[in-house]
>>> print(open('my_file23.txt').read())   # compact mmCIF, C-alpha atoms and all ligand atoms
# COMPACT_ATOMS: atom_id res chain seq x y z
CA MET A 1 0.00 0.00 0.00
CA LEU A 2 2.70 2.35 1.08
CA ASN A 3 4.75 1.49 -1.99
CA ILE A 4 1.89 2.24 -4.34
CA LYS A 5 1.33 5.56 -2.58
CA ASN A 6 5.04 6.40 -2.96
CA ALA A 7 5.01 5.48 -6.63
CA LYS A 8 1.96 7.69 -7.22
CA LEU A 9 3.66 10.53 -5.42
CA ARG A 10 6.84 10.13 -7.44
CA PHE A 11 4.79 10.10 -10.67
CA ALA A 12 2.88 13.21 -9.63
CA SER A 13 6.06 15.09 -8.72
CA ALA A 14 7.71 13.97 -11.96
CA LEU A 15 4.73 15.40 -13.86
CA LEU A 16 4.87 18.63 -11.90
CA LEU A 17 8.61 19.01 -12.48
CA GLY A 18 8.18 18.23 -16.18
CA SER A 19 5.49 20.82 -16.63
CA LEU A 20 7.47 23.39 -14.65
CA MET A 21 10.54 22.83 -16.83
CA GLY A 22 8.39 23.07 -19.95
CA ALA A 23 6.73 26.20 -18.68
CA SER A 24 10.02 27.84 -17.80
CA SER A 25 11.53 27.25 -21.24
CA ILE A 26 8.42 28.76 -22.86
CA SER A 27 8.19 31.77 -20.64
CA TYR A 28 11.88 32.68 -20.86
CA ALA A 29 12.59 32.30 -24.57
CA GLN A 30 11.15 35.23 -26.45
CA THR A 31 11.14 36.34 -30.04
CA LEU A 32 11.11 40.06 -30.80
CA LYS A 33 9.74 41.05 -34.20
CA LEU A 34 11.74 43.80 -35.91
CA SER A 35 10.39 45.67 -38.95
CA HIS A 36 12.34 47.78 -41.43
CA ASN A 37 11.88 49.17 -44.93
CA GLY A 38 15.33 48.29 -46.32
CA ASP A 39 16.36 45.83 -48.99
CA THR A 40 18.15 42.62 -47.90
CA LYS A 41 21.23 43.86 -49.82
CA SER A 42 21.32 47.15 -47.90
CA PRO A 43 23.90 47.85 -45.18
CA VAL A 44 21.14 48.56 -42.67
CA HIS A 45 19.72 45.06 -43.15
CA LYS A 46 23.20 43.64 -42.51
CA ALA A 47 23.58 45.80 -39.39
CA LEU A 48 20.19 44.64 -38.09
CA LYS A 49 21.10 40.98 -38.69
CA PHE A 50 24.38 41.65 -36.85
CA PHE A 51 22.35 43.11 -33.96
CA ALA A 52 20.00 40.08 -33.92
CA ASN A 53 22.96 37.65 -33.80
CA GLU A 54 24.62 39.55 -30.96
CA VAL A 55 21.42 39.54 -28.92
CA LYS A 56 20.92 35.82 -29.50
CA GLU A 57 24.53 34.97 -28.59
CA LYS A 58 24.76 37.24 -25.55
CA SER A 59 21.43 36.03 -24.17
CA ASP A 60 22.31 32.34 -24.79
CA GLY A 61 19.31 32.09 -27.09
CA GLU A 62 16.90 33.51 -24.52
CA ILE A 63 16.07 36.48 -26.78
CA GLN A 64 15.72 36.05 -30.52
CA VAL A 65 15.19 38.96 -32.86
CA ARG A 66 13.41 38.15 -36.12
CA VAL A 67 14.12 40.75 -38.81
CA TYR A 68 11.37 41.51 -41.37
CA PRO A 69 12.84 43.59 -44.25
CA ASN A 70 11.30 45.40 -47.25
CA GLY A 71 8.44 46.97 -45.30
CA GLN A 72 6.70 43.55 -45.10
CA LEU A 73 5.17 44.64 -41.80
CA GLY A 74 4.32 48.14 -42.99
CA THR A 75 5.90 51.50 -43.81
CA GLN A 76 8.13 53.22 -41.23
CA ARG A 77 5.13 55.21 -40.02
CA GLU A 78 2.88 52.13 -39.76
CA SER A 79 5.62 50.22 -37.91
CA LEU A 80 5.92 53.04 -35.36
CA GLU A 81 2.18 53.01 -34.82
CA LEU A 82 2.27 49.23 -34.25
CA LEU A 83 5.11 49.75 -31.80
CA GLN A 84 3.07 52.25 -29.82
CA THR A 85 0.24 49.74 -29.35
CA GLY A 86 2.68 46.93 -28.54
CA ALA A 87 1.63 44.86 -31.59
CA LEU A 88 5.25 45.05 -32.82
CA ASP A 89 8.43 44.92 -30.71
CA MET A 90 11.12 46.72 -32.70
CA ALA A 91 11.53 48.86 -35.79
CA LYS A 92 14.27 50.68 -37.67
CA SER A 93 13.16 54.14 -38.66
CA ASN A 94 14.85 57.40 -39.51
CA ALA A 95 15.20 60.53 -37.37
CA SER A 96 13.28 62.45 -40.02
CA GLU A 97 10.24 60.21 -39.77
CA LEU A 98 10.57 59.98 -35.96
CA GLU A 99 10.29 63.74 -35.59
CA SER A 100 6.48 63.42 -35.91
CA PHE A 101 6.44 61.00 -32.97
CA ASP A 102 9.05 62.65 -30.74
CA PRO A 103 10.00 66.26 -31.62
CA ALA A 104 13.49 65.83 -30.08
CA TYR A 105 14.56 63.95 -33.24
CA GLY A 106 14.00 67.20 -35.17
CA ALA A 107 17.44 68.35 -33.97
CA PHE A 108 19.07 65.99 -36.49
CA ASN A 109 16.92 67.30 -39.32
CA ILE A 110 18.19 70.86 -39.53
CA PRO A 111 19.98 71.04 -42.89
CA TYR A 112 23.75 71.52 -42.72
CA ILE A 113 23.83 71.13 -38.94
CA PHE A 114 26.76 68.70 -39.23
CA ARG A 115 30.08 69.83 -40.65
CA ASP A 116 31.20 66.34 -41.58
CA ARG A 117 30.90 62.67 -40.64
CA GLU A 118 33.15 63.06 -37.62
CA HIS A 119 30.97 65.84 -36.22
CA PHE A 120 27.87 63.70 -36.91
CA TYR A 121 29.31 60.74 -34.95
CA LYS A 122 30.37 63.03 -32.08
CA ALA A 123 26.73 64.17 -31.79
CA LEU A 124 25.34 60.63 -31.88
CA GLU A 125 27.74 59.49 -29.16
CA SER A 126 27.35 62.59 -26.98
CA GLU A 127 25.47 62.08 -23.70
CA ASP A 128 23.84 65.53 -24.09
CA VAL A 129 22.66 64.93 -27.63
CA GLY A 130 22.38 61.49 -29.23
CA GLN A 131 22.17 59.41 -26.08
CA LYS A 132 19.68 61.74 -24.39
CA ILE A 133 17.46 61.76 -27.48
CA LEU A 134 17.39 57.93 -27.51
CA ARG A 135 15.93 58.05 -24.01
CA SER A 136 13.52 60.92 -24.67
CA SER A 137 10.67 58.96 -26.28
CA GLU A 138 9.62 56.43 -23.64
CA LYS A 139 6.45 58.43 -22.99
CA TYR A 140 5.59 58.37 -26.70
CA GLY A 141 5.55 54.55 -26.76
CA PHE A 142 9.07 53.67 -27.88
CA VAL A 143 12.65 53.71 -26.64
CA GLY A 144 15.73 54.40 -28.80
CA VAL A 145 18.27 51.58 -28.93
CA ALA A 146 20.87 52.57 -31.52
CA TYR A 147 21.78 54.83 -34.43
CA PHE A 148 22.85 53.74 -37.88
CA ASP A 149 24.73 55.80 -40.43
CA ALA A 150 22.43 56.67 -43.32
CA GLY A 151 24.97 58.80 -45.16
CA SER A 152 24.70 62.24 -46.58
CA ARG A 153 21.51 63.27 -48.39
CA ASN A 154 21.73 64.78 -51.87
CA PHE A 155 19.26 65.56 -54.65
CA TYR A 156 18.63 63.08 -57.44
CA THR A 157 16.42 64.34 -60.18
CA THR A 158 15.28 63.96 -63.76
CA LYS A 159 16.84 67.37 -64.66
CA PRO A 160 20.22 68.60 -63.41
CA VAL A 161 20.18 70.65 -60.19
CA ARG A 162 23.15 72.97 -59.65
CA SER A 163 21.57 75.64 -57.46
CA PRO A 164 18.29 76.19 -55.55
CA ALA A 165 17.07 78.19 -58.59
CA ASP A 166 17.02 74.92 -60.59
CA LEU A 167 14.61 73.41 -58.05
CA LYS A 168 11.92 75.96 -58.80
CA GLY A 169 8.76 74.25 -59.99
CA MET A 170 10.15 70.76 -59.34
CA LYS A 171 8.19 68.27 -57.25
CA ILE A 172 10.63 66.66 -54.88
CA ARG A 173 9.70 63.69 -52.71
CA VAL A 174 10.57 64.14 -49.04
CA GLN A 175 10.25 61.96 -45.97
CA PRO A 176 6.98 62.56 -44.10
CA SER A 177 8.48 65.08 -41.67
CA PRO A 178 7.81 68.77 -40.95
CA SER A 179 11.52 69.68 -41.23
CA ALA A 180 11.92 67.94 -44.58
CA ILE A 181 8.92 69.83 -45.94
CA LYS A 182 10.17 73.15 -44.58
CA MET A 183 13.64 72.61 -46.03
CA MET A 184 12.28 71.89 -49.49
CA GLU A 185 10.04 74.97 -49.43
CA LEU A 186 12.97 77.18 -48.46
CA MET A 187 15.06 75.72 -51.27
CA GLY A 188 12.28 76.61 -53.71
CA ALA A 189 10.93 73.17 -54.67
CA SER A 190 7.47 71.67 -54.14
CA PRO A 191 7.75 69.07 -51.37
CA THR A 192 5.82 65.81 -51.83
CA PRO A 193 5.88 63.61 -48.71
CA LEU A 194 5.69 59.89 -49.55
CA PRO A 195 6.74 56.65 -47.86
CA PHE A 196 10.05 55.35 -49.22
CA GLY A 197 8.48 52.16 -50.61
CA GLU A 198 6.24 54.16 -52.95
CA LEU A 199 9.01 56.29 -54.39
CA TYR A 200 10.24 54.16 -57.30
CA THR A 201 6.76 54.09 -58.83
CA ALA A 202 6.22 57.79 -58.14
CA LEU A 203 9.46 58.62 -59.99
CA GLN A 204 8.65 56.28 -62.83
CA GLN A 205 5.16 57.71 -63.28
CA ARG A 206 6.51 61.26 -63.01
CA VAL A 207 4.38 62.01 -59.96
CA VAL A 208 7.62 63.55 -58.67
CA ASP A 209 10.64 65.00 -60.52
CA GLY A 210 13.15 63.80 -57.99
CA ALA A 211 13.99 63.05 -54.40
CA GLU A 212 16.93 63.33 -52.03
CA ASN A 213 18.83 60.59 -50.26
CA ASN A 214 22.14 58.77 -49.92
CA ILE A 215 23.60 57.13 -53.02
CA GLY A 216 22.10 53.75 -52.09
CA ALA A 217 18.65 54.98 -53.12
CA VAL A 218 20.01 55.49 -56.64
CA THR A 219 21.67 52.07 -56.91
CA THR A 220 20.33 49.49 -54.41
CA TYR A 221 16.76 50.80 -54.82
CA ARG A 222 17.29 51.50 -58.55
CA HIS A 223 15.91 55.06 -58.47
CA GLY A 224 18.82 55.98 -60.77
CA GLU A 225 17.05 54.09 -63.55
CA VAL A 226 14.68 57.06 -63.70
CA ALA A 227 16.49 60.01 -62.06
CA LYS A 228 19.77 60.46 -63.90
CA PHE A 229 21.32 63.39 -62.02
CA TYR A 230 22.83 63.16 -58.52
CA SER A 231 23.73 66.63 -57.16
CA GLN A 232 26.07 66.48 -54.21
CA ASP A 233 24.85 69.40 -52.15
CA GLY A 234 25.03 67.28 -48.96
CA HIS A 235 22.15 69.09 -47.25
CA ALA A 236 21.64 66.61 -44.42
CA MET A 237 23.01 63.63 -42.49
CA ILE A 238 20.01 62.04 -40.83
CA PRO A 239 20.62 58.85 -38.86
CA ASP A 240 18.53 55.73 -39.00
CA VAL A 241 17.33 54.74 -35.54
CA LEU A 242 16.55 51.35 -34.06
CA VAL A 243 13.71 51.60 -31.55
CA ILE A 244 11.81 49.22 -29.28
CA SER A 245 8.22 49.42 -28.07
CA THR A 246 7.90 50.83 -24.52
CA LYS A 247 5.53 47.93 -23.83
CA THR A 248 8.18 45.34 -24.77
CA TRP A 249 10.91 47.34 -23.00
CA GLU A 250 9.05 47.37 -19.71
CA LYS A 251 8.74 43.58 -19.75
CA LEU A 252 12.51 43.04 -20.08
CA SER A 253 14.78 42.43 -17.09
CA ASP A 254 17.46 45.05 -16.37
CA SER A 255 20.18 42.69 -17.57
CA ASN A 256 18.35 42.04 -20.86
CA LYS A 257 17.83 45.78 -21.34
CA ALA A 258 21.58 46.31 -20.88
CA LEU A 259 22.36 43.47 -23.26
CA ILE A 260 20.12 44.94 -25.98
CA LEU A 261 21.68 48.42 -25.63
CA ALA A 262 25.19 46.92 -25.78
CA ALA A 263 24.31 44.94 -28.92
CA GLY A 264 22.92 48.19 -30.38
CA LYS A 265 26.24 49.99 -29.75
CA ASP A 266 28.18 47.17 -31.43
CA ALA A 267 25.81 47.27 -34.39
CA THR A 268 26.38 51.05 -34.75
CA THR A 269 30.14 50.43 -34.89
CA TYR A 270 29.71 47.61 -37.42
CA MET A 271 27.52 49.86 -39.58
CA LYS A 272 30.05 52.71 -39.44
CA LYS A 273 32.60 50.40 -41.04
CA ILE A 274 30.41 48.87 -43.75
CA TRP A 275 28.73 52.19 -44.62
CA GLY A 276 32.00 53.85 -45.73
CA GLU A 277 32.82 50.93 -48.05
CA TYR A 278 29.24 50.83 -49.39
CA THR A 279 29.13 54.53 -50.32
CA GLU A 280 32.38 54.38 -52.31
CA GLN A 281 31.31 51.34 -54.21
CA GLU A 282 27.77 52.60 -54.91
CA LEU A 283 28.99 55.92 -56.32
CA LYS A 284 30.93 53.95 -58.93
CA LYS A 285 27.88 51.79 -59.63
CA ALA A 286 25.73 54.90 -60.11
CA VAL A 287 28.12 56.22 -62.76
CA LYS A 288 28.01 52.83 -64.52
CA MET A 289 24.19 53.07 -64.51
CA GLY A 290 24.52 56.31 -66.47
CA VAL A 291 23.86 58.66 -63.55
CA GLU A 292 25.72 61.97 -63.76
CA VAL A 293 27.26 62.89 -60.41
CA ILE A 294 27.25 66.70 -60.12
CA GLU A 295 29.55 68.63 -57.76
CA VAL A 296 27.69 71.75 -56.72
CA ASN A 297 28.63 74.98 -55.00
CA LYS A 298 26.84 74.55 -51.66
CA ASP A 299 26.73 78.23 -50.65
CA ALA A 300 23.30 79.07 -52.08
CA PHE A 301 21.78 75.89 -50.61
CA ILE A 302 23.24 76.70 -47.18
CA HIS A 303 21.98 80.27 -47.40
CA ALA A 304 18.43 79.17 -48.36
CA VAL A 305 17.93 77.15 -45.19
CA GLU A 306 19.45 79.61 -42.70
CA PRO A 307 16.00 80.51 -41.28
CA MET A 308 15.70 76.93 -40.01
CA HIS A 309 18.79 77.40 -37.82
CA LYS A 310 17.33 80.58 -36.34
CA GLU A 311 13.96 78.94 -35.69
CA ALA A 312 15.55 75.85 -34.15
CA LEU A 313 17.33 78.03 -31.59
CA LYS A 314 13.94 79.37 -30.48
CA ASP A 315 12.27 75.95 -30.25
CA PRO A 316 12.07 74.87 -26.58
CA VAL A 317 12.44 71.14 -27.37
CA ILE A 318 15.27 71.13 -29.86
CA ALA A 319 17.19 74.33 -28.99
CA PRO A 320 19.29 72.67 -26.25
CA TYR A 321 20.27 69.84 -28.61
CA VAL A 322 20.99 72.18 -31.51
CA LYS A 323 23.21 74.37 -29.28
CA ALA A 324 25.03 71.28 -27.99
CA ILE A 325 25.56 69.99 -31.56
CA LYS A 326 26.96 73.35 -32.65
CA ALA A 327 29.25 73.43 -29.60
CA LEU A 328 30.69 70.02 -30.55
CA ASP A 329 31.95 71.49 -33.81
CA LYS A 330 35.05 73.01 -32.25
C1 LIG B 1 17.12 56.66 -45.92
C2 LIG B 1 16.84 55.97 -44.63
C3 LIG B 1 15.50 55.25 -44.61
C4 LIG B 1 14.42 56.17 -45.09
C5 LIG B 1 14.79 56.78 -46.41
C6 LIG B 1 13.73 57.74 -46.90
O1 LIG B 1 17.42 55.74 -46.90
O2 LIG B 1 17.89 55.07 -44.35
O3 LIG B 1 15.22 54.83 -43.30
O4 LIG B 1 13.22 55.49 -45.21
O5 LIG B 1 16.01 57.44 -46.31
O6 LIG B 1 14.09 58.72 -47.54
O7 LIG B 1 12.55 57.52 -46.66
>>> encode(input="my_file23.txt", output="structure tokens")
Amino acid sequence: MLNIKNAKLRFASALLLGSLMGASSISYAQTLKLSHNGDTKSPVHKALKFFANEVKEKSDGEIQVRVYPNGQLGTQRESLELLQTGALDMAKSNASELESFDPAYGAFNIPYIFRDREHFYKALESEDVGQKILRSSEKYGFVGVAYFDAGSRNFYTTKPVRSPADLKGMKIRVQPSPSAIKMMELMGASPTPLPFGELYTALQQRVVDGAENNIGAVTTYRHGEVAKFYSQDGHAMIPDVLVISTKTWEKLSDSNKALILAAGKDATTYMKKIWGEYTEQELKKAVKMGVEVIEVNKDAFIHAVEPMHKEALKDPVIAPYVKAIKALDK
């Protein structure tokens, strides 16, 4: 009798232990969905895969990041909205697009605010600028994890652009962002905000006469098949930003939060290296595609957007960042 009782007890505890072990492996392993609008050949996709691998390795497989490229889960704007409701965990966006969700990102969108790439990186790494901005959006439903180089933005158009006067009457696609629209108006063009994924067709159907971006848009995204002039006025350096939903963030342990931020830093460094190589190689590809690369005198472009610098210094949200960015340029 006693033996049967003991056997039953052992069986019951074995069951309990089994289900506990099962339960623990389910509750601890988690997959974070990450959306972005880039091509699988783009450097940003490679940097995001690098980030996902780091997170997996450093967490011993406890956290997996599944990367969904090509806007499969929506445009950058739609992804941010999903993040705010907690339906999506992570997204890569751009500071330009993020400005509508957290005005602090507007500091990066003032044309010609960065002197060069070194100044740009100093600002991203600075505690008073880049790092503070990453932490500024928790109340808006997302938290910044890392920045990615997205190069220098230049015009690419169906007619050559050598000065702001040439932009008159041209419809130029911009990112859906108040600063991008303002900049284009000051330069004399007609701004047309559109999601990136719709741009190839818009160029092809002549809905717009051009756009502005890094050289990858011309080559990797084939916009150079339609827009044959790339004018290097270098009006902006606007970083891509990896963000996580506040709802997902709050569920993570402190050590997993630290691990994700550390993987983000490593991914930024990795991107810095591959971005430089990519840009050089893509400029050559653009020329082979028949795109004319135009060196322009930047003075008139710089002059046209001066009012944005003055306004930024009066804006209570971005003025402290803009001042700090300018002070780094010493
Ligand atoms: C850059 C940036 C993208 C953005 C795009 C755009 O390529 O990396 O995140 O979507 O510009 O102009 O929309």
>>> axis_aligned_box(input="my_file23.txt", around="ligand LIG 1 (chain B)", padding_each_side="8 Å", output="JSON")
{"center_x": 15.2, "center_y": 56.8, "center_z": -45.4, "size_x": 21.3, "size_y": 19.9, "size_z": 20.2}
>>> closest_residue(input="my_file23.txt", among="A:Ala165, A:Val67, A:Val241, A:Leu82", to="ligand LIG 1 (chain B)", atoms="only C-alpha atoms and all ligand atoms")
A:Val241
>>> residues_near_ligand(input="my_file23.txt", ligand="ligand LIG 1 (chain B)", cutoff="7 Å", atoms="all atoms listed in the file", output="PyMOL selection string")
chain A and resi 37+76+93-94+150+174-175+195-196+213-214+217+240
>>> closest_residue(input="my_file23.txt", among="A:Phe114, A:Tyr230, A:Trp275, A:Tyr270", to="A:Lys159", atoms="only C-alpha atoms")
A:Tyr230
>>> closest_residue(input="my_file23.txt", among="A:Ile215, A:Met183, A:Ala262, A:Ala286", to="A:Gly151", atoms="only C-alpha atoms")
A:Ile215
>>> closest_residue(input="my_file23.txt", among="A:Ser245, A:Thr85, A:Ser126, A:Ser137", to="A:Asp102", atoms="only C-alpha atoms")
A:Ser137
>>> build_atoms(input="my_file23.txt", residues="stretch 56-67 of chain A", atoms="N, CA, C and O atoms", output="tab-separated table (two decimals), in the coordinates of the input")
chain	number	residue	atom	x	y	z
A	56	LYS	N	21.13	37.26	-29.68
A	56	LYS	CA	20.92	35.82	-29.50
A	56	LYS	C	22.11	35.20	-28.74
A	56	LYS	O	21.94	34.48	-27.77
A	57	GLU	N	23.32	35.54	-29.21
A	57	GLU	CA	24.53	34.97	-28.59
A	57	GLU	C	24.66	35.40	-27.14
A	57	GLU	O	24.86	34.59	-26.25
A	58	LYS	N	24.53	36.70	-26.90
A	58	LYS	CA	24.76	37.24	-25.55
A	58	LYS	C	23.69	36.80	-24.57
A	58	LYS	O	23.92	36.80	-23.36
A	59	SER	N	22.49	36.45	-25.09
A	59	SER	CA	21.43	36.03	-24.17
A	59	SER	C	21.34	34.50	-24.11
A	59	SER	O	20.37	33.96	-23.58
A	60	ASP	N	22.33	33.81	-24.71
A	60	ASP	CA	22.31	32.34	-24.79
A	60	ASP	C	21.00	31.85	-25.39
A	60	ASP	O	20.41	30.87	-24.91
A	61	GLY	N	20.52	32.53	-26.37
A	61	GLY	CA	19.31	32.09	-27.09
A	61	GLY	C	18.01	32.47	-26.40
A	61	GLY	O	16.93	32.18	-26.90
A	62	GLU	N	18.12	33.15	-25.25
A	62	GLU	CA	16.90	33.51	-24.52
A	62	GLU	C	16.07	34.55	-25.30
A	62	GLU	O	14.85	34.50	-25.30
A	63	ILE	N	16.79	35.47	-25.97
A	63	ILE	CA	16.07	36.48	-26.78
A	63	ILE	C	16.47	36.31	-28.25
A	63	ILE	O	17.66	36.32	-28.59
A	64	GLN	N	15.48	36.15	-29.08
A	64	GLN	CA	15.72	36.05	-30.52
A	64	GLN	C	15.08	37.27	-31.17
A	64	GLN	O	13.98	37.67	-30.77
A	65	VAL	N	15.78	37.83	-32.14
A	65	VAL	CA	15.19	38.96	-32.86
A	65	VAL	C	14.94	38.51	-34.30
A	65	VAL	O	15.87	38.08	-34.98
A	66	ARG	N	13.71	38.55	-34.73
A	66	ARG	CA	13.41	38.15	-36.12
A	66	ARG	C	13.24	39.41	-36.96
A	66	ARG	O	12.39	40.26	-36.65
A	67	VAL	N	14.10	39.52	-37.99
A	67	VAL	CA	14.12	40.75	-38.81
A	67	VAL	C	13.23	40.59	-40.04
A	67	VAL	O	13.40	39.67	-40.83
